[in-house]
$ cat start_35.pdb   # PDB, C-alpha atoms, pLDDT in the B column
MODEL        1
ATOM      1  CA  TYR G  76       5.719  -0.802 -17.408  1.00 86.00           C
ATOM      2  CA  GLY G  77       8.590   1.196 -15.929  1.00 91.00           C
ATOM      3  CA  ASP G  78      12.311   0.578 -15.615  1.00 93.00           C
ATOM      4  CA  GLY G  79      13.006   1.059 -11.931  1.00 96.00           C
ATOM      5  CA  VAL G  80      13.690   3.871  -9.479  1.00 96.00           C
ATOM      6  CA  TYR G  81      14.774   7.451 -10.167  1.00 97.00           C
ATOM      7  CA  LYS G  82      16.063  10.103  -7.760  1.00 96.00           C
ATOM      8  CA  SER G  83      16.257  13.889  -7.932  1.00 96.00           C
ATOM      9  CA  THR G  84      18.419  16.065  -5.655  1.00 94.00           C
ATOM     10  CA  ASP G  85      17.537  19.406  -7.256  1.00 94.00           C
ATOM     11  CA  GLY G  86      13.787  19.699  -6.769  1.00 93.00           C
ATOM     12  CA  ALA G  87      12.887  17.411  -9.702  1.00 94.00           C
ATOM     13  CA  LYS G  88      14.777  19.429 -12.349  1.00 96.00           C
ATOM     14  CA  THR G  89      17.003  16.448 -13.178  1.00 97.00           C
ATOM     15  CA  TRP G  90      16.798  12.735 -12.394  1.00 96.00           C
ATOM     16  CA  THR G  91      19.241   9.847 -11.917  1.00 96.00           C
ATOM     17  CA  HIS G  92      18.337   6.211 -12.516  1.00 97.00           C
ATOM     18  CA  LEU G  93      19.064   4.069  -9.439  1.00 96.00           C
ATOM     19  CA  GLY G  94      18.354   0.552 -10.656  1.00 96.00           C
ATOM     20  CA  LEU G  95      15.663  -2.057  -9.909  1.00 97.00           C
ATOM     21  CA  ASP G  96      15.097  -2.058 -13.669  1.00 95.00           C
ATOM     22  CA  ASP G  97      13.228  -5.349 -13.878  1.00 95.00           C
ATOM     23  CA  THR G  98      10.725  -4.688 -11.098  1.00 96.00           C
ATOM     24  CA  GLN G  99       8.533  -3.175 -13.865  1.00 94.00           C
ATOM     25  CA  HIS G 100       5.618  -2.132 -11.586  1.00 94.00           C
ATOM     26  CA  ILE G 101       6.312  -0.290  -8.316  1.00 95.00           C
ATOM     27  CA  GLY G 102       3.465   0.304  -5.888  1.00 91.00           C
ATOM     28  CA  ARG G 103       5.140   2.615  -3.358  1.00 93.00           C
ATOM     29  CA  VAL G 104       8.396   4.299  -2.363  1.00 96.00           C
ATOM     30  CA  ALA G 105       8.889   5.116   1.351  1.00 96.00           C
ATOM     31  CA  ILE G 106      11.693   7.326   2.670  1.00 96.00           C
ATOM     32  CA  ASP G 107      12.888   7.166   6.273  1.00 96.00           C
ATOM     33  CA  PRO G 108      11.844  10.512   7.844  1.00 91.00           C
ATOM     34  CA  LYS G 109      15.035  10.616   9.915  1.00 92.00           C
ATOM     35  CA  ASN G 110      17.521   9.354   7.318  1.00 95.00           C
ATOM     36  CA  PRO G 111      16.867  10.096   3.612  1.00 94.00           C
ATOM     37  CA  ASP G 112      19.482   7.537   2.551  1.00 97.00           C
ATOM     38  CA  ILE G 113      17.208   4.747   3.830  1.00 97.00           C
ATOM     39  CA  VAL G 114      14.476   4.021   1.292  1.00 98.00           C
ATOM     40  CA  PHE G 115      12.041   1.130   0.820  1.00 98.00           C
ATOM     41  CA  VAL G 116      10.472   0.139  -2.506  1.00 98.00           C
ATOM     42  CA  ALA G 117       7.382  -2.063  -2.831  1.00 97.00           C
ATOM     43  CA  ALA G 118       7.748  -3.876  -6.152  1.00 97.00           C
ATOM     44  CA  ILE G 119       4.727  -5.652  -7.623  1.00 93.00           C
ATOM     45  CA  GLY G 120       6.912  -7.082 -10.389  1.00 93.00           C
ATOM     46  CA  HIS G 121       5.733  -8.456 -13.730  1.00 91.00           C
ATOM     47  CA  PHE G 122       1.966  -8.356 -14.219  1.00 86.00           C
ATOM     48  CA  TYR G 123       1.955 -11.102 -16.861  1.00 84.00           C
ATOM     49  CA  GLY G 124       4.059 -13.856 -15.347  1.00 86.00           C
ATOM     50  CA  PRO G 125       6.347 -14.982 -12.508  1.00 91.00           C
ATOM     51  CA  SER G 126       9.512 -13.036 -11.737  1.00 93.00           C
ATOM     52  CA  PRO G 127      12.099 -12.929  -8.923  1.00 95.00           C
ATOM     53  CA  GLU G 128      12.142  -9.103  -9.008  1.00 96.00           C
ATOM     54  CA  ARG G 129       9.254  -8.791  -6.557  1.00 95.00           C
ATOM     55  CA  GLY G 130       8.812  -7.881  -2.905  1.00 97.00           C
ATOM     56  CA  VAL G 131      10.273  -5.152  -0.713  1.00 98.00           C
ATOM     57  CA  PHE G 132      13.691  -3.696  -1.487  1.00 98.00           C
ATOM     58  CA  ARG G 133      15.769  -1.491   0.830  1.00 98.00           C
ATOM     59  CA  THR G 134      18.692   0.843   0.301  1.00 98.00           C
ATOM     60  CA  LYS G 135      20.781   2.335   3.096  1.00 97.00           C
ATOM     61  CA  ASP G 136      23.035   4.414   0.843  1.00 97.00           C
ATOM     62  CA  GLY G 137      20.608   6.591  -1.092  1.00 96.00           C
ATOM     63  CA  GLY G 138      20.014   4.088  -3.884  1.00 96.00           C
ATOM     64  CA  LYS G 139      23.581   3.100  -4.735  1.00 96.00           C
ATOM     65  CA  THR G 140      22.856  -0.484  -3.708  1.00 97.00           C
ATOM     66  CA  TRP G 141      19.652  -2.397  -3.022  1.00 98.00           C
ATOM     67  CA  GLN G 142      18.802  -5.421  -0.882  1.00 97.00           C
ATOM     68  CA  LYS G 143      15.654  -7.536  -1.216  1.00 98.00           C
ATOM     69  CA  VAL G 144      14.437  -7.701   2.394  1.00 98.00           C
ATOM     70  CA  LEU G 145      10.950  -9.246   1.993  1.00 98.00           C
ATOM     71  CA  PHE G 146      10.214 -11.928  -0.603  1.00 97.00           C
ATOM     72  CA  ARG G 147       7.754 -14.828  -0.652  1.00 94.00           C
ATOM     73  CA  ASN G 148       8.141 -16.332  -4.130  1.00 95.00           C
ATOM     74  CA  ASN G 149       8.180 -15.441  -7.839  1.00 95.00           C
ATOM     75  CA  ASP G 150       4.398 -14.931  -7.899  1.00 93.00           C
ATOM     76  CA  VAL G 151       3.925 -12.620  -4.902  1.00 94.00           C
ATOM     77  CA  GLY G 152       4.866  -8.953  -5.168  1.00 94.00           C
ATOM     78  CA  ALA G 153       4.655  -6.000  -2.784  1.00 95.00           C
ATOM     79  CA  VAL G 154       2.111  -3.264  -3.507  1.00 91.00           C
ATOM     80  CA  ASP G 155       2.630  -0.953  -0.502  1.00 92.00           C
ATOM     81  CA  VAL G 156       5.244  -0.218   2.156  1.00 95.00           C
ATOM     82  CA  VAL G 157       4.863   2.260   5.033  1.00 93.00           C
ATOM     83  CA  ILE G 158       7.328   3.529   7.619  1.00 93.00           C
ATOM     84  CA  ASP G 159       5.687   4.270  10.966  1.00 90.00           C
ATOM     85  CA  PRO G 160       6.094   8.038  11.509  1.00 84.00           C
ATOM     86  CA  ASN G 161       6.334   7.402  15.251  1.00 84.00           C
ATOM     87  CA  ASN G 162       9.202   4.912  14.937  1.00 90.00           C
ATOM     88  CA  PRO G 163      11.201   4.446  11.683  1.00 93.00           C
ATOM     89  CA  GLN G 164      12.243   0.979  12.811  1.00 95.00           C
ATOM     90  CA  VAL G 165       8.637  -0.181  12.348  1.00 95.00           C
ATOM     91  CA  ILE G 166       7.753  -1.000   8.735  1.00 95.00           C
ATOM     92  CA  PHE G 167       4.518  -2.415   7.303  1.00 94.00           C
ATOM     93  CA  ALA G 168       4.317  -4.013   3.862  1.00 95.00           C
ATOM     94  CA  ALA G 169       1.424  -5.378   1.816  1.00 92.00           C
ATOM     95  CA  LEU G 170       2.098  -8.403  -0.406  1.00 92.00           C
ATOM     96  CA  TRP G 171      -0.131  -9.252  -3.362  1.00 88.00           C
ATOM     97  CA  ASN G 172      -0.184 -12.124  -5.844  1.00 88.00           C
ATOM     98  CA  THR G 173      -1.780 -10.443  -8.847  1.00 84.00           C
ATOM     99  CA  ARG G 174      -2.046 -11.143 -12.552  1.00 79.00           C
ATOM    100  CA  ARG G 175      -3.440  -9.033 -15.382  1.00 73.00           C
ATOM    101  CA  PRO G 176      -3.239 -11.040 -18.635  1.00 68.00           C
ATOM    102  CA  PRO G 177      -3.517  -8.673 -21.608  1.00 68.00           C
ATOM    103  CA  TRP G 178      -6.105 -10.755 -23.436  1.00 66.00           C
ATOM    104  CA  TYR G 179      -8.824 -10.548 -20.755  1.00 60.00           C
ATOM    105  CA  THR G 180      -9.245  -7.473 -18.561  1.00 57.00           C
ATOM    106  CA  TYR G 181     -11.342  -9.097 -15.852  1.00 57.00           C
ATOM    107  CA  SER G 182      -9.665 -12.438 -15.458  1.00 56.00           C
ATOM    108  CA  PRO G 183      -9.072 -13.678 -11.874  1.00 56.00           C
ATOM    109  CA  THR G 184      -6.308 -11.422 -10.565  1.00 69.00           C
ATOM    110  CA  ASN G 185      -5.637 -12.825  -7.111  1.00 73.00           C
ATOM    111  CA  GLY G 186      -3.539 -15.787  -6.140  1.00 76.00           C
ATOM    112  CA  PRO G 187      -2.349 -17.149  -2.777  1.00 82.00           C
ATOM    113  CA  GLY G 188       0.481 -15.773  -0.684  1.00 84.00           C
ATOM    114  CA  GLY G 189      -0.554 -12.158  -0.113  1.00 86.00           C
ATOM    115  CA  GLY G 190      -1.088 -10.403   3.203  1.00 88.00           C
ATOM    116  CA  LEU G 191       0.323  -7.872   5.642  1.00 92.00           C
ATOM    117  CA  TRP G 192       3.844  -8.090   7.083  1.00 94.00           C
ATOM    118  CA  LYS G 193       5.566  -6.079   9.801  1.00 96.00           C
ATOM    119  CA  SER G 194       9.189  -5.392  10.714  1.00 97.00           C
ATOM    120  CA  THR G 195      10.354  -3.894  14.001  1.00 96.00           C
ATOM    121  CA  ASP G 196      14.067  -3.751  13.137  1.00 97.00           C
ATOM    122  CA  GLY G 197      14.116  -1.438  10.135  1.00 96.00           C
ATOM    123  CA  GLY G 198      13.177  -4.040   7.547  1.00 97.00           C
ATOM    124  CA  THR G 199      15.757  -6.731   8.329  1.00 97.00           C
ATOM    125  CA  THR G 200      13.298  -9.348   9.635  1.00 97.00           C
ATOM    126  CA  TRP G 201       9.526  -9.600   9.120  1.00 97.00           C
ATOM    127  CA  THR G 202       6.481 -11.107  10.850  1.00 95.00           C
ATOM    128  CA  ASP G 203       3.185 -12.056   9.192  1.00 93.00           C
ATOM    129  CA  ARG G 204       0.386  -9.845  10.588  1.00 92.00           C
ATOM    130  CA  SER G 205      -2.366 -11.095   8.261  1.00 88.00           C
ATOM    131  CA  ALA G 206      -4.497 -12.922  10.853  1.00 88.00           C
ATOM    132  CA  GLY G 207      -8.037 -11.578  10.587  1.00 86.00           C
ATOM    133  CA  LEU G 208      -7.505  -9.979   7.168  1.00 84.00           C
ATOM    134  CA  PRO G 209      -8.458 -11.137   3.649  1.00 73.00           C
ATOM    135  CA  LEU G 210      -5.309 -12.764   2.303  1.00 63.00           C
ATOM    136  CA  ARG G 211      -5.760 -11.879  -1.334  1.00 64.00           C
ATOM    137  CA  ALA G 212      -5.504  -8.131  -1.884  1.00 70.00           C
ATOM    138  CA  ILE G 213      -4.418  -5.896   0.979  1.00 78.00           C
ATOM    139  CA  THR G 214      -3.337  -2.975  -1.171  1.00 78.00           C
ATOM    140  CA  HIS G 215      -2.874   0.067   1.075  1.00 84.00           C
ATOM    141  CA  ILE G 216      -1.526   0.716   4.577  1.00 88.00           C
ATOM    142  CA  THR G 217      -1.724   3.860   6.716  1.00 87.00           C
ATOM    143  CA  ALA G 218      -0.030   4.226  10.103  1.00 85.00           C
ATOM    144  CA  ASP G 219      -1.664   6.732  12.440  1.00 82.00           C
ATOM    145  CA  PRO G 220       0.736   9.700  12.848  1.00 78.00           C
ATOM    146  CA  PHE G 221      -0.153  10.212  16.526  1.00 76.00           C
ATOM    147  CA  ASP G 222      -0.953   6.729  17.788  1.00 81.00           C
ATOM    148  CA  PRO G 223       1.795   4.140  17.209  1.00 81.00           C
ATOM    149  CA  LEU G 224      -0.644   1.319  17.963  1.00 88.00           C
ATOM    150  CA  THR G 225      -3.219   2.286  15.313  1.00 88.00           C
ATOM    151  CA  VAL G 226      -2.889   1.058  11.723  1.00 89.00           C
ATOM    152  CA  TYR G 227      -5.375   1.018   8.838  1.00 89.00           C
ATOM    153  CA  VAL G 228      -5.353  -1.212   5.757  1.00 88.00           C
ATOM    154  CA  THR G 229      -7.648  -1.492   2.756  1.00 85.00           C
ATOM    155  CA  TYR G 230      -8.834  -4.583   0.951  1.00 77.00           C
ATOM    156  CA  SER G 231      -9.273  -3.237  -2.571  1.00 68.00           C
ATOM    157  CA  GLY G 232     -12.200  -5.358  -3.813  1.00 58.00           C
ATOM    158  CA  PHE G 233     -12.852  -5.803  -7.524  1.00 55.00           C
ATOM    159  CA  ALA G 234     -15.355  -4.629 -10.089  1.00 47.00           C
ATOM    160  CA  GLY G 235     -14.648  -7.328 -12.664  1.00 50.00           C
ATOM    161  CA  ALA G 236     -17.345  -9.824 -13.503  1.00 45.00           C
ATOM    162  CA  ALA G 237     -15.090 -12.781 -12.701  1.00 50.00           C
ATOM    163  CA  GLU G 238     -14.584 -11.892  -9.025  1.00 53.00           C
ATOM    164  CA  ALA G 239     -16.713  -8.854  -8.211  1.00 53.00           C
ATOM    165  CA  GLN G 240     -16.707  -7.991  -4.518  1.00 59.00           C
ATOM    166  CA  PRO G 241     -16.651  -4.816  -2.407  1.00 63.00           C
ATOM    167  CA  GLY G 242     -13.624  -3.248  -0.803  1.00 69.00           C
ATOM    168  CA  HIS G 243     -13.203  -2.964   2.953  1.00 81.00           C
ATOM    169  CA  VAL G 244     -11.276  -0.914   5.497  1.00 88.00           C
ATOM    170  CA  PHE G 245      -9.694  -2.614   8.505  1.00 90.00           C
ATOM    171  CA  LYS G 246      -8.354  -0.996  11.686  1.00 91.00           C
ATOM    172  CA  SER G 247      -5.929  -2.310  14.287  1.00 92.00           C
ATOM    173  CA  THR G 248      -5.437  -0.646  17.659  1.00 91.00           C
ATOM    174  CA  ASP G 249      -2.729  -3.062  18.810  1.00 92.00           C
ATOM    175  CA  ALA G 250      -0.044  -2.482  16.159  1.00 89.00           C
ATOM    176  CA  GLY G 251      -1.400  -5.097  13.762  1.00 89.00           C
ATOM    177  CA  ALA G 252      -1.981  -8.001  16.151  1.00 91.00           C
ATOM    178  CA  THR G 253      -5.767  -7.987  15.599  1.00 92.00           C
ATOM    179  CA  TRP G 254      -8.092  -6.286  13.115  1.00 91.00           C
ATOM    180  CA  THR G 255     -11.629  -4.884  12.993  1.00 90.00           C
ATOM    181  CA  ASP G 256     -13.572  -4.331   9.764  1.00 88.00           C
ATOM    182  CA  ILE G 257     -14.745  -0.691   9.815  1.00 87.00           C
ATOM    183  CA  GLY G 258     -15.976  -0.770   6.220  1.00 82.00           C
ATOM    184  CA  THR G 259     -19.077  -2.894   6.668  1.00 79.00           C
ATOM    185  CA  THR G 260     -21.388   0.031   5.829  1.00 79.00           C
ATOM    186  CA  LEU G 261     -19.508   0.996   2.659  1.00 79.00           C
ATOM    187  CA  PRO G 262     -21.342   0.652  -0.655  1.00 76.00           C
ATOM    188  CA  ASN G 263     -20.366  -2.148  -3.002  1.00 72.00           C
ATOM    189  CA  LEU G 264     -17.268  -0.369  -4.367  1.00 72.00           C
ATOM    190  CA  PRO G 265     -13.576  -1.201  -4.737  1.00 76.00           C
ATOM    191  CA  VAL G 266     -11.382   0.869  -2.393  1.00 80.00           C
ATOM    192  CA  GLN G 267      -8.238   2.459  -3.866  1.00 79.00           C
ATOM    193  CA  ASP G 268      -6.560   4.672  -1.229  1.00 84.00           C
ATOM    194  CA  LEU G 269      -6.934   5.829   2.385  1.00 87.00           C
ATOM    195  CA  VAL G 270      -5.759   8.828   4.417  1.00 89.00           C
ATOM    196  CA  VAL G 271      -6.330   9.590   8.096  1.00 88.00           C
ATOM    197  CA  ASP G 272      -7.131  13.140   9.181  1.00 88.00           C
ATOM    198  CA  ALA G 273      -4.467  14.136  11.706  1.00 81.00           C
ATOM    199  CA  ASP G 274      -6.579  17.056  12.999  1.00 84.00           C
ATOM    200  CA  LEU G 275     -10.033  15.529  13.368  1.00 84.00           C
ATOM    201  CA  PRO G 276     -10.461  12.339  15.423  1.00 81.00           C
ATOM    202  CA  ASN G 277     -12.194   9.346  13.823  1.00 85.00           C
ATOM    203  CA  THR G 278     -12.049  11.016  10.389  1.00 89.00           C
ATOM    204  CA  ILE G 279     -10.854   8.939   7.417  1.00 89.00           C
ATOM    205  CA  TYR G 280     -11.037   9.543   3.667  1.00 90.00           C
ATOM    206  CA  ILE G 281     -10.947   6.820   1.016  1.00 88.00           C
ATOM    207  CA  GLY G 282     -10.762   6.814  -2.771  1.00 85.00           C
ATOM    208  CA  THR G 283     -13.201   4.464  -4.486  1.00 82.00           C
ATOM    209  CA  ASP G 284     -14.247   3.537  -8.007  1.00 77.00           C
ATOM    210  CA  LEU G 285     -16.898   6.291  -7.832  1.00 77.00           C
ATOM    211  CA  GLY G 286     -15.059   9.132  -6.116  1.00 83.00           C
ATOM    212  CA  VAL G 287     -14.152  10.025  -2.520  1.00 88.00           C
ATOM    213  CA  MET G 288     -15.922   8.928   0.665  1.00 88.00           C
ATOM    214  CA  ALA G 289     -15.371   9.932   4.287  1.00 91.00           C
ATOM    215  CA  THR G 290     -16.241   8.731   7.762  1.00 90.00           C
ATOM    216  CA  TYR G 291     -16.407  11.067  10.764  1.00 91.00           C
ATOM    217  CA  ASP G 292     -17.258   8.406  13.325  1.00 88.00           C
ATOM    218  CA  GLY G 293     -14.466   5.897  12.896  1.00 84.00           C
ATOM    219  CA  GLY G 294     -16.204   3.881  10.188  1.00 85.00           C
ATOM    220  CA  ALA G 295     -19.686   3.504  11.673  1.00 85.00           C
ATOM    221  CA  SER G 296     -21.041   5.417   8.666  1.00 88.00           C
ATOM    222  CA  TRP G 297     -19.654   6.763   5.396  1.00 88.00           C
ATOM    223  CA  ALA G 298     -20.621   9.778   3.269  1.00 88.00           C
ATOM    224  CA  SER G 299     -19.839  10.609  -0.352  1.00 87.00           C
ATOM    225  CA  LEU G 300     -17.699  13.690  -1.045  1.00 85.00           C
ATOM    226  CA  GLY G 301     -18.191  13.445  -4.784  1.00 68.00           C
ATOM    227  CA  ASN G 302     -19.564  16.921  -5.510  1.00 68.00           C
ATOM    228  CA  GLY G 303     -17.574  18.300  -8.426  1.00 70.00           C
ATOM    229  CA  LEU G 304     -15.655  15.066  -9.030  1.00 70.00           C
ATOM    230  CA  PRO G 305     -16.245  12.804 -12.030  1.00 68.00           C
ATOM    231  CA  LYS G 306     -17.770   9.445 -11.129  1.00 68.00           C
ATOM    232  CA  THR G 307     -14.598   7.527 -11.759  1.00 71.00           C
ATOM    233  CA  SER G 308     -11.785   5.843  -9.835  1.00 76.00           C
ATOM    234  CA  VAL G 309      -9.839   7.938  -7.331  1.00 78.00           C
ATOM    235  CA  VAL G 310      -6.601   6.013  -6.849  1.00 77.00           C
ATOM    236  CA  ALA G 311      -4.575   8.470  -4.731  1.00 80.00           C
ATOM    237  CA  LEU G 312      -5.426  10.972  -1.987  1.00 82.00           C
ATOM    238  CA  ALA G 313      -3.344  13.563  -0.119  1.00 82.00           C
ATOM    239  CA  LEU G 314      -4.397  15.575   2.921  1.00 80.00           C
ATOM    240  CA  HIS G 315      -2.871  18.863   4.070  1.00 78.00           C
ATOM    241  CA  ARG G 316      -2.569  19.046   7.825  1.00 71.00           C
ATOM    242  CA  ARG G 317      -4.187  22.194   9.162  1.00 71.00           C
ATOM    243  CA  SER G 318      -2.460  22.478  12.540  1.00 62.00           C
TER
ENDMDL
END
$ encode --input "start_35.pdb" --output "structure tokens"
Amino acid sequence: YGDGVYKSTDGAKTWTHLGLDDTQHIGRVAIDPKNPDIVFVAAIGHFYGPSPERGVFRTKDGGKTWQKVLFRNNDVGAVDVVIDPNNPQVIFAALWNTRRPPWYTYSPTNGPGGGLWKSTDGGTTWTDRSAGLPLRAITHITADPFDPLTVYVTYSGFAGAAEAQPGHVFKSTDAGATWTDIGTTLPNLPVQDLVVDADLPNTIYIGTDLGVMATYDGGASWASLGNGLPKTSVVALALHRRS
């Protein structure tokens, strides 16, 4: 596990430790596109037991001080946090109650209390937006860069024998009020990451346990893009905008 957050101001030549030492596992860091001193950290926390160092943390002074702004309990951490590129006051966060005991790789890893939360005041207050979503493992959020009402989330799914189930992709066109499952035609694979193509409508790419898949029709069908990739987990994707 890690020991918190680091910051570089010289293009990654040198780094300064900024605290959050006991968060141990951090799922995402999100920087306000209009104010680089405002940063959110999604902290999963300890994988092997309860801990208060979980949830979403915010700094408004470039990491000098931190405030825990979203916290359920000592068992529920935050795995993702996203700032809406259309409005930095809108923040989405995914909470996850997960365990990974070292003596059994595929033990049950999901507990109660997870889900999707939304803030419309820069992370000060939060509203549960989980209605219509699986409450156990929402692990990735993507806000559409051109449509402030469209949000995508992934339910990771699991390959372990104890709780094997496929991943899914959900879409909201009303800023998270309601959700539609657009991953019903996906193969029986866990889903790791998701990016939306900002140049091609209805085009989404996901990382799975067996490579990369894409949809060009908004999720009605999915195709494998695995040529040249090893048949293994793809946990992070990045897309260069062409226009």
$ closest_residue --input "start_35.pdb" --among "G:Thr255, G:Ser308, G:Thr91, G:Thr200" --to "Gln267 (chain G)" --atoms "all atoms listed in the file"
G:Ser308
$ residues_around --input "start_35.pdb" --residues "Tyr230 (chain G)" --least-positions-apart "6" --cutoff "12 Å" --atoms "only C-alpha atoms" --output "VMD selection string"
chain G and resid 154 169 to 171 185 189 to 191 205 207 to 216 240 to 246 256 to 259 264 to 269 281 283
$ atom_distance --input "start_35.pdb" --atom1 "CA of Ala289 (chain G)" --atom2 "CA of Arg204 (chain G)"
26.1 Å
$ closest_residue --input "start_35.pdb" --among "G:Thr217, G:Thr134, G:Asn263, G:Asn148" --to "Ile279 (chain G)" --atoms "only C-alpha atoms"
G:Thr217
$ axis_aligned_box --input "start_35.pdb" --around "region 297-316 of chain G" --padding-each-side "5 Å" --output "JSON"
{"center_x": -11.6, "center_y": 12.4, "center_z": -2.1, "size_x": 28.1, "size_y": 23.2, "size_z": 29.9}
$ closest_residue --input "start_35.pdb" --among "G:Phe122, G:Trp201, G:Trp254, G:Trp141" --to "Gln164 (chain G)" --atoms "only C-alpha atoms"
G:Trp201
$ residues_around --input "start_35.pdb" --residues "Asp107 (chain G)" --least-positions-apart "6" --cutoff "9 Å" --atoms "all atoms listed in the file" --output "ChimeraX atom specification"
/G:113-115,158,160,163
$ closest_residue --input "start_35.pdb" --among "G:Ala218, G:Ala206, G:Ala273, G:Val116" --to "Gly138 (chain G)" --atoms "all atoms listed in the file"
G:Val116
$ atom_distance --input "start_35.pdb" --atom1 "CA of Tyr81 (chain G)" --atom2 "CA of Leu93 (chain G)"
5.5 Å
$ atom_distance --input "start_35.pdb" --atom1 "CA of His121 (chain G)" --atom2 "CA of Asp284 (chain G)"
24.0 Å
$ closest_residue --input "start_35.pdb" --among "G:Trp192, G:Pro187, G:Thr253, G:Asp159" --to "Ala105 (chain G)" --atoms "all atoms listed in the file"
G:Asp159
$ resolve_selection --input "start_35.pdb" --expression "the PyMOL selection byres ((chain G and resi 123) around 10)" --output "JSON, numbers by chain"
{"G": [120, 121, 122, 124, 125, 126, 173, 174, 175, 176, 177]}
$ closest_residue --input "start_35.pdb" --among "G:Lys82, G:Arg129, G:His92, G:His100" --to "Val151 (chain G)" --atoms "all atoms listed in the file"
G:Arg129
$ residues_around --input "start_35.pdb" --residues "Val270 (chain G)" --least-positions-apart "5" --cutoff "12 Å" --atoms "only C-alpha atoms" --output "ChimeraX atom specification"
/G:215-220,226-229,244,275,277-282,287-290,310-316
$ resolve_selection --input "start_35.pdb" --expression "the PyMOL selection byres ((chain G and resi 248) around 6)" --output "list in words"
Leu224, Thr225, Ser247, Asp249 and Ala250 of chain G
$ resolve_selection --input "start_35.pdb" --expression "the PyMOL selection byres ((chain G and resi 198) around 9)" --output "number ranges by chain"
G: 115, 131, 133, 144-145, 164-167, 193-197, 199-201
$ decode --input "start_35.pdb" --residues "region 149-154 of chain G" --atoms "all heavy atoms" --output "PDB file, in the first residue's frame"
ATOM      1  N   ASN G 149     -16.446   3.439   8.773  1.00  0.00           N
ATOM      2  CA  ASN G 149     -15.081   2.918   8.714  1.00  0.00           C
ATOM      3  C   ASN G 149     -14.904   1.751   7.761  1.00  0.00           C
ATOM      4  O   ASN G 149     -13.783   1.274   7.567  1.00  0.00           O
ATOM      5  CB  ASN G 149     -14.618   2.491  10.114  1.00  0.00           C
ATOM      6  CG  ASN G 149     -14.322   3.665  11.017  1.00  0.00           C
ATOM      7  OD1 ASN G 149     -14.353   4.811  10.578  1.00  0.00           O
ATOM      8  ND2 ASN G 149     -14.040   3.391  12.280  1.00  0.00           N
ATOM      9  N   ASP G 150     -15.991   1.262   7.162  1.00  0.00           N
ATOM     10  CA  ASP G 150     -15.905   0.141   6.230  1.00  0.00           C
ATOM     11  C   ASP G 150     -16.057   0.548   4.765  1.00  0.00           C
ATOM     12  O   ASP G 150     -15.748  -0.239   3.873  1.00  0.00           O
ATOM     13  CB  ASP G 150     -16.985  -0.904   6.550  1.00  0.00           C
ATOM     14  CG  ASP G 150     -16.746  -1.581   7.880  1.00  0.00           C
ATOM     15  OD1 ASP G 150     -15.602  -2.006   8.131  1.00  0.00           O
ATOM     16  OD2 ASP G 150     -17.696  -1.678   8.674  1.00  0.00           O
ATOM     17  N   VAL G 151     -16.544   1.755   4.515  1.00  0.00           N
ATOM     18  CA  VAL G 151     -16.870   2.177   3.152  1.00  0.00           C
ATOM     19  C   VAL G 151     -15.872   3.234   2.682  1.00  0.00           C
ATOM     20  O   VAL G 151     -15.795   4.318   3.271  1.00  0.00           O
ATOM     21  CB  VAL G 151     -18.302   2.731   3.063  1.00  0.00           C
ATOM     22  CG1 VAL G 151     -18.609   3.177   1.643  1.00  0.00           C
ATOM     23  CG2 VAL G 151     -19.304   1.674   3.516  1.00  0.00           C
ATOM     24  N   GLY G 152     -15.123   2.904   1.631  1.00  0.00           N
ATOM     25  CA  GLY G 152     -14.178   3.849   1.064  1.00  0.00           C
ATOM     26  C   GLY G 152     -14.692   4.445  -0.228  1.00  0.00           C
ATOM     27  O   GLY G 152     -15.789   4.129  -0.695  1.00  0.00           O
ATOM     28  N   ALA G 153     -13.902   5.331  -0.820  1.00  0.00           N
ATOM     29  CA  ALA G 153     -14.224   5.931  -2.116  1.00  0.00           C
ATOM     30  C   ALA G 153     -13.214   5.435  -3.137  1.00  0.00           C
ATOM     31  O   ALA G 153     -12.010   5.484  -2.897  1.00  0.00           O
ATOM     32  CB  ALA G 153     -14.192   7.453  -2.029  1.00  0.00           C
ATOM     33  N   VAL G 154     -13.720   4.959  -4.294  1.00  0.00           N
ATOM     34  CA  VAL G 154     -12.838   4.394  -5.309  1.00  0.00           C
ATOM     35  C   VAL G 154     -12.677   5.330  -6.503  1.00  0.00           C
ATOM     36  O   VAL G 154     -11.707   5.241  -7.239  1.00  0.00           O
ATOM     37  CB  VAL G 154     -13.355   3.013  -5.763  1.00  0.00           C
ATOM     38  CG1 VAL G 154     -14.682   3.129  -6.476  1.00  0.00           C
ATOM     39  CG2 VAL G 154     -12.336   2.298  -6.628  1.00  0.00           C
TER      40      VAL G 154
END
